[in-house]
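A.B. asks: For reference, this is start.cif, and it has mmCIF, C-alpha atoms.
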data_work
#
loop_
_atom_site.label_atom_id
_atom_site.label_comp_id
_atom_site.auth_asym_id
_atom_site.auth_seq_id
_atom_site.Cartn_x
_atom_site.Cartn_y
_atom_site.Cartn_z
CA MET A 1 32.39 -66.89 42.55
CA PRO A 2 34.21 -63.83 43.93
CA PRO A 3 34.36 -61.20 41.13
CA PRO A 4 38.12 -61.45 40.30
CA ALA A 5 37.99 -65.23 40.01
CA LEU A 6 34.94 -65.01 37.75
CA ALA A 7 36.67 -62.47 35.55
CA ILE A 8 39.73 -64.68 35.20
CA PHE A 9 37.62 -67.68 34.44
CA ARG A 10 35.81 -65.80 31.67
CA ALA A 11 39.17 -64.77 30.29
CA PHE A 12 40.28 -68.40 30.29
CA LEU A 13 37.23 -69.36 28.31
CA LEU A 14 37.96 -66.60 25.84
CA LEU A 15 41.55 -67.75 25.51
CA ALA A 16 40.48 -71.35 25.14
CA SER A 17 38.10 -70.34 22.35
CA PHE A 18 40.60 -68.12 20.53
CA PRO A 19 44.03 -69.67 20.89
CA GLY A 20 45.53 -67.00 18.61
CA ILE A 21 45.01 -64.28 21.18
CA GLU A 22 48.29 -63.72 22.91
CA LYS A 23 48.28 -60.10 24.00
CA HIS A 24 46.56 -59.27 27.20
CA VAL A 25 45.66 -55.82 28.26
CA VAL A 26 46.54 -55.67 31.88
CA ARG A 27 46.92 -52.51 33.81
CA LEU A 28 49.08 -52.47 36.86
CA VAL A 29 49.27 -49.26 38.80
CA LYS A 30 52.69 -47.72 39.14
CA GLY A 31 52.70 -48.54 42.82
CA ALA A 32 52.45 -52.24 42.06
CA LEU A 33 55.42 -52.11 39.71
CA GLU A 34 57.52 -50.47 42.37
CA TRP A 35 56.26 -52.70 45.16
CA TRP A 36 57.11 -55.92 43.34
CA SER A 37 60.60 -54.78 42.42
CA GLY A 38 63.16 -56.78 44.41
CA LYS A 39 60.61 -58.88 46.28
CA LYS A 40 61.64 -62.32 47.44
CA ILE A 41 59.30 -65.20 46.78
CA ALA A 42 58.94 -68.75 48.09
CA VAL A 43 57.09 -71.58 46.36
CA ILE A 44 55.63 -74.46 48.38
CA GLY A 45 52.83 -76.96 47.93
CA PRO A 46 52.05 -80.68 47.67
CA THR A 47 53.96 -83.00 45.39
CA ALA A 48 53.23 -82.68 41.66
CA ALA A 49 51.21 -79.49 42.17
CA GLY A 50 53.41 -77.58 39.72
CA LYS A 51 56.08 -75.84 41.83
CA ASP A 52 58.92 -76.68 39.41
CA SER A 53 56.82 -75.64 36.46
CA PHE A 54 55.88 -72.36 38.14
CA LEU A 55 59.54 -71.56 38.75
CA ALA A 56 60.28 -72.43 35.13
CA ARG A 57 57.48 -70.17 33.89
CA LEU A 58 58.65 -67.31 36.08
CA GLN A 59 62.07 -67.68 34.46
CA ASN A 60 60.41 -67.65 31.05
CA ARG A 61 61.55 -71.23 30.45
CA GLU A 62 59.50 -74.09 29.15
CA ILE A 63 58.61 -76.87 31.62
CA PRO A 64 61.99 -78.53 32.37
CA ARG A 65 63.05 -81.35 30.04
CA VAL A 66 64.56 -83.16 33.00
CA HIS A 67 61.67 -83.14 35.38
CA SER A 68 62.26 -84.71 38.75
CA ASN A 69 60.46 -85.31 41.98
CA SER A 70 62.64 -82.83 43.93
CA PRO A 71 64.52 -84.85 46.55
CA MET A 72 66.24 -81.99 48.41
CA GLY A 73 66.18 -78.22 48.71
CA GLU A 74 68.17 -76.79 45.81
CA ARG A 75 69.05 -73.18 45.18
CA VAL A 76 67.61 -71.60 42.06
CA LYS A 77 69.99 -69.14 40.38
CA SER A 78 68.76 -65.55 40.72
CA PHE A 79 66.46 -64.66 37.88
CA ARG A 80 64.37 -61.80 36.57
CA VAL A 81 60.69 -61.94 35.87
CA LYS A 82 59.74 -59.78 32.92
CA LEU A 83 56.09 -59.38 32.03
CA ALA A 84 54.81 -57.19 29.24
CA LEU A 85 52.00 -54.92 30.35
CA SER A 86 49.80 -52.43 28.61
CA HIS A 87 51.24 -49.13 27.28
CA HIS A 88 54.58 -50.81 26.43
CA ARG A 89 55.46 -51.09 30.07
CA VAL A 90 57.29 -54.05 31.48
CA ILE A 91 57.27 -55.36 35.00
CA ASP A 92 60.71 -56.46 36.03
CA ILE A 93 61.12 -58.44 39.24
CA THR A 94 64.39 -59.89 40.44
CA CYS A 95 63.98 -63.14 42.33
CA LYS A 96 66.89 -63.99 44.58
CA GLY A 97 67.43 -66.77 47.06
CA VAL A 98 64.64 -68.98 45.73
CA ILE A 99 64.90 -72.61 46.82
CA ASN A 100 63.22 -75.44 44.96
CA ILE A 101 61.91 -78.10 47.34
CA GLY A 102 59.75 -81.23 47.33
CA GLY A 103 56.09 -81.35 48.23
CA GLU A 104 55.87 -84.43 50.46
CA THR A 105 55.04 -83.73 54.10
CA ASP A 106 58.54 -84.96 54.93
CA TYR A 107 59.92 -81.71 53.44
CA ARG A 108 57.24 -79.60 55.06
CA ASP A 109 58.06 -80.85 58.53
CA ALA A 110 61.87 -80.90 58.31
CA PRO A 111 63.71 -77.95 59.88
CA ALA A 112 65.58 -77.32 56.63
CA GLY A 113 62.33 -77.79 54.72
CA TRP A 114 59.50 -75.45 53.89
CA LEU A 115 60.14 -73.14 56.83
CA ALA A 116 63.71 -72.52 55.68
CA VAL A 117 62.42 -71.88 52.16
CA CYS A 118 59.79 -69.38 53.35
CA LYS A 119 61.54 -67.56 56.13
CA ASP A 120 63.03 -64.71 54.05
CA ALA A 121 60.21 -64.47 51.56
CA ASP A 122 58.01 -61.41 51.06
CA VAL A 123 55.42 -63.45 49.21
CA VAL A 124 54.82 -67.17 49.72
CA PHE A 125 53.09 -68.89 46.83
CA TYR A 126 51.25 -72.04 47.86
CA VAL A 127 50.62 -74.15 44.75
CA MET A 128 47.78 -76.68 44.77
CA THR A 129 45.77 -78.22 41.94
CA ILE A 130 42.22 -77.91 40.71
CA LYS A 131 41.78 -81.55 41.78
CA ASP A 132 42.71 -80.59 45.35
CA LEU A 133 39.99 -77.95 45.14
CA SER A 134 37.27 -80.14 43.64
CA GLU A 135 38.06 -83.03 46.01
CA LYS A 136 37.87 -80.58 48.91
CA ARG A 137 41.30 -81.50 50.22
CA PHE A 138 41.22 -78.25 52.18
CA LEU A 139 38.72 -79.69 54.64
CA GLY A 140 39.60 -81.07 58.08
CA GLY A 141 42.43 -83.60 58.25
CA ARG A 142 43.15 -83.64 54.53
CA ARG A 143 46.42 -82.61 52.91
CA ILE A 144 45.72 -78.99 51.94
CA ARG A 145 44.14 -78.36 55.33
CA GLN A 146 47.20 -79.84 57.06
CA ASP A 147 49.39 -77.48 55.04
CA LEU A 148 47.21 -74.53 56.04
CA ASP A 149 47.57 -75.59 59.67
CA TRP A 150 51.31 -75.73 59.09
CA LEU A 151 51.23 -72.20 57.59
CA LEU A 152 49.51 -70.91 60.69
CA THR A 153 52.33 -72.27 62.85
CA ALA A 154 54.95 -70.99 60.40
CA LEU A 155 53.63 -67.44 60.00
CA PRO A 156 55.05 -66.11 63.29
CA HIS A 157 58.50 -67.23 62.06
CA LEU A 158 58.25 -65.58 58.65
CA LYS A 159 58.91 -61.95 57.76
CA GLN A 160 56.54 -59.68 59.60
CA ASP A 161 54.67 -58.62 56.48
CA ALA A 162 55.01 -61.82 54.47
CA LEU A 163 51.96 -62.45 52.29
CA ILE A 164 50.44 -65.76 51.23
CA HIS A 165 48.90 -66.31 47.82
CA ILE A 166 47.35 -69.57 46.62
CA LEU A 167 47.78 -70.72 43.04
CA ILE A 168 45.31 -73.34 41.85
CA ASN A 169 47.09 -75.06 39.00
CA LYS A 170 45.90 -77.27 36.13
CA ILE A 171 42.74 -75.28 35.36
CA ASP A 172 43.39 -76.15 31.70
CA GLN A 173 42.42 -79.76 32.47
CA GLU A 174 39.04 -78.62 33.78
CA ILE A 175 38.42 -76.43 30.76
CA GLU A 176 39.35 -79.27 28.40
CA SER A 177 37.12 -81.80 30.16
CA HIS A 178 33.99 -79.59 30.31
CA THR A 179 31.63 -78.30 27.66
CA ASP A 180 29.10 -76.60 29.93
CA TYR A 181 31.23 -73.67 31.06
CA ARG A 182 28.42 -71.98 32.93
CA ALA A 183 27.95 -75.06 35.12
CA LEU A 184 31.71 -75.31 35.61
CA ALA A 185 31.92 -71.64 36.58
CA GLU A 186 29.15 -72.09 39.14
CA GLU A 187 30.79 -75.21 40.55
CA LEU A 188 34.14 -73.44 40.83
CA ALA A 189 32.49 -70.42 42.40
CA LYS A 190 31.21 -72.56 45.26
CA GLU A 191 34.51 -74.36 45.71
CA LEU A 192 36.58 -71.17 45.64
CA GLY A 193 34.24 -69.58 48.14
CA ALA A 194 34.60 -72.55 50.47
CA LEU A 195 38.39 -72.52 50.12
CA ASP A 196 38.53 -68.80 50.80
CA LYS A 197 36.45 -69.19 53.94
CA THR A 198 38.55 -72.10 55.20
CA VAL A 199 41.85 -70.31 54.59
CA LYS A 200 40.69 -67.20 56.43
CA THR A 201 39.40 -69.26 59.35
CA VAL A 202 42.52 -71.41 59.63
CA LEU A 203 44.96 -68.51 59.29
CA HIS A 204 43.22 -66.37 61.91
CA PRO A 205 44.64 -64.06 63.36
CA TYR A 206 46.89 -63.73 60.30
CA GLU A 207 44.07 -63.84 57.73
CA THR A 208 44.99 -60.40 56.36
CA ARG A 209 48.25 -61.92 55.11
CA TYR A 210 46.23 -64.09 52.73
CA THR A 211 45.87 -62.29 49.42
CA GLY A 212 43.52 -64.71 47.66
CA ALA A 213 43.56 -67.67 45.31
CA THR A 214 44.11 -67.57 41.56
CA LEU A 215 43.23 -70.21 38.99
CA ILE A 216 46.24 -70.84 36.79
CA SER A 217 47.80 -73.24 34.32
CA MET A 218 51.55 -73.68 34.17
CA LYS A 219 51.13 -75.81 31.05
CA ASN A 220 49.03 -73.36 29.03
CA LYS A 221 51.17 -70.27 28.46
CA GLN A 222 48.25 -68.00 27.61
CA ILE A 223 46.35 -68.86 30.75
CA TYR A 224 49.56 -68.59 32.76
CA THR A 225 50.33 -65.12 31.43
CA ARG A 226 46.85 -63.87 32.14
CA ALA A 227 46.76 -65.40 35.60
CA ILE A 228 50.21 -64.27 36.70
CA ASN A 229 49.35 -60.69 35.83
CA ASP A 230 46.27 -61.02 37.98
CA VAL A 231 48.36 -62.51 40.79
CA LEU A 232 50.76 -59.56 40.75
CA ARG A 233 47.82 -57.19 40.92
CA SER A 234 45.92 -59.11 43.61
CA VAL A 235 48.91 -59.43 45.91
CA TYR A 236 49.73 -55.75 45.59
CA SER A 237 46.08 -54.76 46.11
CA ALA A 238 45.90 -56.87 49.24
CA PHE A 239 49.12 -55.35 50.53
CA HIS A 240 47.90 -51.86 49.69
CA GLY A 241 44.57 -52.50 51.41
CA THR A 242 46.25 -53.80 54.56
CA ALA A 243 48.68 -50.89 54.61
CA LYS A 244 45.80 -48.41 54.25
CA ARG A 245 43.85 -50.10 57.04
CA ARG A 246 46.91 -49.99 59.27
CA LYS A 247 47.39 -46.29 58.61
CA ALA A 248 43.73 -45.58 59.34
CA GLY A 249 43.87 -47.70 62.49
CA MET B 1 73.36 -100.86 61.76
CA ARG B 2 69.78 -100.37 60.66
CA ALA B 3 69.11 -100.32 56.93
CA TYR B 4 66.05 -99.24 54.94
CA TRP B 5 64.98 -98.58 51.39
CA ILE B 6 63.63 -95.11 50.69
CA LEU B 7 61.03 -95.95 48.08
CA PRO B 8 60.25 -94.07 44.87
CA ASN B 9 57.11 -91.94 45.15
CA ARG B 10 55.60 -93.26 41.93
CA ASP B 11 52.01 -92.43 42.87
CA GLN B 12 52.72 -88.89 44.09
CA GLU B 13 51.68 -89.71 47.63
CA ASP B 14 51.87 -87.07 50.35
CA GLU B 15 54.46 -89.02 52.33
CA ILE B 16 57.72 -90.70 51.40
CA SER B 17 57.63 -94.44 52.06
CA ALA B 18 60.39 -96.71 53.28
CA SER B 19 60.95 -100.43 53.76
CA ASP B 20 63.21 -102.69 55.76
CA GLY B 21 63.06 -105.07 52.81
CA GLU B 22 59.86 -106.75 53.96
CA THR B 23 57.43 -104.21 55.42
CA ILE B 24 56.54 -100.86 53.88
CA LEU B 25 56.00 -97.94 56.24
CA PRO B 26 56.23 -94.12 56.20
CA LEU B 27 59.83 -92.89 56.24
CA ARG B 28 58.88 -90.49 59.04
CA GLN B 29 58.41 -93.50 61.36
CA ILE B 30 62.05 -94.43 60.84
CA LEU B 31 63.57 -91.00 60.51
CA ASP B 32 61.57 -88.17 62.04
CA PRO B 33 61.59 -85.23 59.59
CA ARG B 34 62.54 -82.96 62.48
CA LEU B 35 65.73 -84.95 62.96
CA ARG B 36 66.77 -85.07 59.33
CA PRO B 37 70.03 -83.18 58.93
CA ASP B 38 70.16 -80.02 56.82
CA GLY B 39 70.87 -80.97 53.23
CA PHE B 40 69.63 -84.53 53.62
CA SER B 41 68.44 -85.72 50.22
CA HIS B 42 65.74 -88.30 49.58
CA GLY B 43 67.07 -88.99 46.10
CA VAL B 44 69.36 -87.78 43.35
CA PRO B 45 69.48 -83.96 43.29
CA THR B 46 67.97 -82.41 40.17
CA GLU B 47 71.23 -80.63 39.37
CA LEU B 48 72.96 -84.00 38.89
CA LEU B 49 70.19 -85.21 36.58
CA GLU B 50 70.50 -82.02 34.54
CA LYS B 51 74.30 -82.22 34.38
CA CYS B 52 74.39 -85.88 33.39
CA GLY B 53 71.46 -85.91 30.98
CA PRO B 54 68.82 -88.64 30.51
CA LYS B 55 71.21 -91.07 28.78
CA ALA B 56 73.32 -91.30 31.92
CA PHE B 57 70.49 -91.48 34.48
CA ALA B 58 70.99 -95.20 35.05
CA GLU B 59 74.65 -94.60 35.97
CA ILE B 60 74.06 -91.99 38.66
CA LEU B 61 74.58 -92.84 42.29
CA PHE B 62 74.36 -90.08 44.85
CA ALA B 63 75.65 -90.73 48.36
CA GLN B 64 75.67 -88.65 51.51
CA ARG B 65 77.31 -89.15 54.85
CA PHE B 66 76.36 -87.31 58.03
CA PRO B 67 78.76 -88.13 60.89
CA GLY B 68 77.76 -87.09 64.40
CA TRP B 69 74.06 -87.29 63.62
CA ASN B 70 71.72 -87.52 66.60
CA GLY B 71 74.61 -87.81 69.07
CA ASP B 72 77.38 -90.04 67.85
CA ARG B 73 75.50 -91.99 65.21
CA GLU B 74 75.95 -91.59 61.50
CA LEU B 75 73.58 -91.44 58.55
CA PHE B 76 74.72 -92.83 55.23
CA SER B 77 72.51 -92.86 52.16
CA VAL B 78 72.83 -93.85 48.51
CA SER B 79 70.25 -92.96 45.87
CA THR B 80 69.70 -93.75 42.23
CA PRO B 81 67.04 -92.74 39.68
CA ALA B 82 64.32 -95.40 39.60
CA GLY B 83 62.02 -94.67 36.70
CA LEU B 84 59.18 -92.18 36.39
CA ASP B 85 56.06 -91.26 38.35
CA SER B 86 52.57 -90.89 36.91
CA SER B 87 53.41 -87.39 35.58
CA GLY B 88 56.62 -88.55 33.93
CA ARG B 89 58.91 -87.11 36.59
CA VAL B 90 62.07 -88.93 37.62
CA VAL B 91 61.68 -90.72 40.96
CA HIS B 92 64.39 -92.18 43.16
CA LEU B 93 65.26 -95.28 45.15
CA GLY B 94 67.47 -94.81 48.18
CA LEU B 95 69.35 -96.97 50.61
CA LEU B 96 69.43 -95.46 54.08
CA LEU B 97 71.84 -96.72 56.74
CA ILE B 98 71.69 -95.65 60.37
CA LEU B 99 75.04 -96.50 61.90
CA GLU B 100 76.06 -96.85 65.51
CA PRO B 101 79.50 -95.46 66.50
CA HIS B 102 82.38 -97.16 64.65
CA GLU B 103 80.08 -99.17 62.38
CA ARG B 104 80.84 -99.23 58.65
CA PRO B 105 78.13 -99.20 55.98
CA ARG B 106 77.23 -102.61 54.52
CA PHE B 107 75.23 -102.77 51.33
CA ASP B 108 73.26 -105.96 51.84
CA LEU B 109 69.62 -105.08 52.49
CA PRO B 110 67.02 -107.61 51.22
CA TYR B 111 64.45 -106.38 48.70
CA ALA B 112 61.97 -109.26 48.34
CA GLY B 113 59.20 -107.19 49.96
CA LEU B 114 59.41 -104.40 47.38
CA SER B 115 57.30 -104.10 44.25
CA GLU B 116 58.59 -105.89 41.18
CA GLU B 117 59.67 -102.61 39.60
CA ASP B 118 61.48 -101.45 42.74
CA GLN B 119 63.11 -104.85 43.17
CA SER B 120 64.90 -104.53 39.84
CA TYR B 121 66.36 -101.14 40.81
CA ALA B 122 67.25 -102.38 44.30
CA SER B 123 68.96 -105.48 42.95
CA ALA B 124 70.98 -103.43 40.45
CA LEU B 125 71.99 -100.96 43.15
CA ILE B 126 73.18 -103.65 45.57
CA GLN B 127 75.05 -105.42 42.80
CA ARG B 128 76.87 -102.25 41.76
CA LEU B 129 77.80 -101.33 45.31
CA THR B 130 79.11 -104.80 46.18
CA SER B 131 81.00 -105.53 42.94
CA ALA B 132 84.75 -105.48 43.31
CA GLY B 133 85.59 -103.90 39.94
CA CYS B 134 86.71 -100.28 39.58
CA GLU B 135 85.22 -99.66 36.12
CA ASP B 136 81.98 -98.30 37.65
CA SER B 137 83.25 -94.90 38.75
CA TRP B 138 79.96 -93.89 40.40
CA ALA B 139 79.95 -97.04 42.56
CA GLN B 140 83.61 -96.49 43.34
CA SER B 141 82.85 -92.94 44.48
CA VAL B 142 80.27 -94.33 46.93
CA ARG B 143 82.77 -96.88 48.28
CA ASP B 144 85.38 -94.11 48.61
CA LEU B 145 82.90 -92.08 50.62
CA ARG B 146 82.19 -95.09 52.81
CA ASP B 147 85.93 -95.60 53.39
CA LEU B 148 86.61 -92.06 54.56
CA PRO B 149 87.78 -91.97 58.17
CA SER B 150 84.82 -91.42 60.47
CA GLY B 151 84.28 -88.22 62.39
CA GLY B 152 84.64 -85.75 59.53
CA ARG B 153 82.16 -83.26 58.19
CA PRO B 154 79.01 -84.06 56.19
CA ALA B 155 80.14 -85.25 52.80
CA THR B 156 78.83 -86.38 49.42
CA ASN B 157 80.40 -88.62 46.79
CA VAL B 158 80.05 -85.91 44.12
CA ALA B 159 80.10 -82.13 44.45
CA LEU B 160 76.88 -80.12 44.33
CA GLU B 161 76.59 -76.47 43.39
CA ARG B 162 72.95 -75.81 44.20
CA SER B 163 72.71 -77.49 47.58
CA VAL B 164 71.55 -75.28 50.40
CA VAL B 165 74.24 -76.89 52.57
CA ARG B 166 77.91 -77.18 51.69
CA PHE B 167 79.43 -80.65 51.76
CA ASP B 168 82.92 -82.06 51.47
CA SER B 169 82.96 -83.90 48.16
CA LEU B 170 85.26 -86.51 46.68
CA TYR B 171 84.40 -86.30 42.98
CA VAL B 172 83.15 -83.75 40.48
CA VAL B 173 80.68 -84.40 37.68
CA GLY B 174 81.45 -83.50 34.09
CA SER B 175 79.06 -83.43 31.17
CA GLY B 176 77.54 -86.70 30.02
CA GLY B 177 77.68 -88.23 33.47
CA PHE B 178 81.44 -88.73 33.70
CA ILE B 179 82.91 -88.18 37.13
CA ARG B 180 86.50 -87.66 38.22
CA LYS B 181 88.24 -87.20 41.52
CA ALA B 182 88.19 -83.65 42.77
CA VAL B 183 91.62 -82.02 42.88
CA LYS B 184 90.87 -80.62 46.27
CA ARG B 185 87.93 -81.60 48.38
CA ARG B 186 85.34 -78.85 48.74
CA LYS B 187 85.07 -77.76 52.31
CA TRP B 188 82.55 -75.92 54.37
CA ARG B 189 83.05 -72.22 54.46
CA THR B 190 84.07 -71.21 57.93
CA SER B 191 82.46 -68.07 59.21
CA VAL B 192 83.40 -66.09 62.27
CA ILE B 193 80.84 -64.28 64.34
CA ILE B 194 82.24 -61.32 66.25
CA CYS B 195 80.06 -60.12 69.06
#
Would you write out, as structure tokens, the structure that this file holds?
C.D. replies:
Amino acid sequence: MPPPALAIFRAFLLLASFPGIEKHVVRLVKGALEWWSGKKIAVIGPTAAGKDSFLARLQNREIPRVHSNSPMGERVKSFRVKLALSHHRVIDITCKGVINIGGETDYRDAPAGWLAVCKDADVVFYVMTIKDLSEKRFLGGRRIRQDLDWLLTALPHLKQDALIHILINKIDQEIESHTDYRALAEELAKELGALDKTVKTVLHPYETRYTGATLISMKNKQIYTRAINDVLRSVYSAFHGTAKRRKAG
Amino acid sequence: MRAYWILPNRDQEDEISASDGETILPLRQILDPRLRPDGFSHGVPTELLEKCGPKAFAEILFAQRFPGWNGDRELFSVSTPAGLDSSGRVVHLGLLLILEPHERPRFDLPYAGLSEEDQSYASALIQRLTSAGCEDSWAQSVRDLRDLPSGGRPATNVALERSVVRFDSLYVVGSGGFIRKAVKRRKWRTSVIIC
């Protein structure tokens, strides 16, 4: 398992074992706080992957009471993401122009579909599930792979520096259904490695826009909080690394 | 006129399915996603569900009309909530009509080829749309949309606030699922580009 993913997974296990633990010590460098401020995000992914729930969590809302298979692109009112960090600091991101859209391929391929949702975004979150990962739906011809192929065709039409981050939702279900965490961690390590390799291969020559994949749970607030902090850090680190490489080049 | 059911995605499949009443096939074979007009909805928008609340779900009918689609044809669709999917999310049943020039929508599509669960929603929808009474304000709003003179702008039976596209709308939705005629129809914002 790549080191960050392993660290998160260990944290999940800790959280699962001690449900009372709610504070997380996360350090974000000042640069990350500034970089995220005012960024636009887009959320795409297959149906029932957790896009609605992710938007709800970002808005600090519970999973919507009226939960619907989204039948059309709908504007989400501008909202602020506030996350408590270490040293009494708070990250405060304003999300504007977010559109909530369905996950069926019909929405992906429509002109007013995913491309319209992503075109102004600085960071595109692609939400998939742990089941998609374990069933290897990122391999040739399968749904996640088709979406990656779509991303490759879409990238030239997105903002020049738009970044892609993958969220692998419903990790809580895996934790609940396993007792041998070491075996689970090893299994996930292999799967995450294979996903990572596939994404980089498919997105070539845009592979530097891919900032990694994070295991997350929209349902479990503790896991969500931990994971989203890691996401903010990973995306910024990837951006920072790319920017540094560009300068050096 | 060609008419199809847009079927509820109860099993969270990757594609939306449709039916001519007998055969089930992917919706994309009938209506290429690339040709779907901006703002086309495959069901009842979430904002209407939220406004009306779960008690009024069964009452909701959402209709759209896209004149001048794909040349001089017209798309007309009506959707209603149709139960829940395997995660407990609301799913939708739609009636899609592809109209040739000067054709009027007719709500008479067979539904014998649908699943038992879908048949009950389809039967109820057809019955509401073809009943003569005015006490069903949602059904009346759909008939009013159908009866608008052809050639106008894209329109919906009830106004939406969160749609990415602006529509002319005949009715507005109040709390609890009550709808009333809009005082003034919402219109597209006209923008001028000066070069």
A.B. asks: In Å, rounded to a single decimal, give me how far CA of Leu163 (chain A) is from CA of Val124 (chain A).
C.D. replies: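 So the two atoms, CA of Val124 (chain A) and CA of Leu163 (chain A), lie 6.1 Å apart.
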A.B. asks: Within 10 Å of chain A, which residues of chain B show up when using only C-alpha atoms, listed as a count of residues only?
C.D. replies: 52
A.B. asks: Mind giving me the straight-line distance from CA of Tyr171 (chain B) to CA of Leu148 (chain B) in Å, one decimal?
C.D. replies: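 Distance reported for this atom pair: 13.1 Å.
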A.B. asks: Would you translate the PyMOL selection byres ((chain A and resi 216) around 7) into the concrete set of residues it matches in this file, as a list of chain:residue names?
C.D. replies: A:Leu167, A:Ile168, A:Asn169, A:Lys170, A:Ile171, A:Thr214, A:Leu215, A:Ser217, A:Met218, A:Ile223, A:Tyr224, A:Ala227
A.B. asks: Check the smallest atom-to-atom distance from each of A:Phe79, A:Phe125, A:Tyr236, A:Trp114 to His157 (chain A) using all atoms listed in the file, then report the winner.
C.D. replies: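 Using all atoms listed in the file, the shortest distance to His157 (chain A) belongs to A:Trp114.
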A.B. asks: Show me, as a list in words, the residues that have an atom within 9 Å of Ile41 (chain A) when counting all atoms listed in the file, minus same-chain residues fewer than 5 positions from it.
C.D. replies: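 Result of the neighbour search: Cys95, Lys96, Gly97, Val98, Cys118, Asp120, Ala121, Asp122, Val123, Val124 and Phe125 of chain A.
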A.B. asks: Restricted to C-alpha atoms, what would the selected residues look like written as a short mmCIF file (atom, residue, chain, number, x, y, z; two decimals), in the frame of the given file?
C.D. replies:
data_model
loop_
_atom_site.label_atom_id
_atom_site.label_comp_id
_atom_site.auth_asym_id
_atom_site.auth_seq_id
_atom_site.Cartn_x
_atom_site.Cartn_y
_atom_site.Cartn_z
CA CYS A 95 63.98 -63.14 42.33
CA LYS A 96 66.89 -63.99 44.58
CA GLY A 97 67.43 -66.77 47.06
CA VAL A 98 64.64 -68.98 45.73
CA CYS A 118 59.79 -69.38 53.35
CA ASP A 120 63.03 -64.71 54.05
CA ALA A 121 60.21 -64.47 51.56
CA ASP A 122 58.01 -61.41 51.06
CA VAL A 123 55.42 -63.45 49.21
CA VAL A 124 54.82 -67.17 49.72
CA PHE A 125 53.09 -68.89 46.83
#
A.B. asks: Just the residues within 7 Å of Trp5 (chain B), please, counting all atoms listed in the file, with nothing from its chain fewer than 4 positions along; format it as a short mmCIF file (atom, residue, chain, number, x, y, z; two decimals) with C-alpha atoms, in the coordinates of the input.
C.D. replies:
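New file around_37.cif:
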data_model
loop_
_atom_site.label_atom_id
_atom_site.label_comp_id
_atom_site.auth_asym_id
_atom_site.auth_seq_id
_atom_site.Cartn_x
_atom_site.Cartn_y
_atom_site.Cartn_z
CA ALA B 18 60.39 -96.71 53.28
CA SER B 19 60.95 -100.43 53.76
CA ASP B 20 63.21 -102.69 55.76
CA GLY B 21 63.06 -105.07 52.81
CA GLY B 94 67.47 -94.81 48.18
CA LEU B 95 69.35 -96.97 50.61
CA LEU B 96 69.43 -95.46 54.08
#
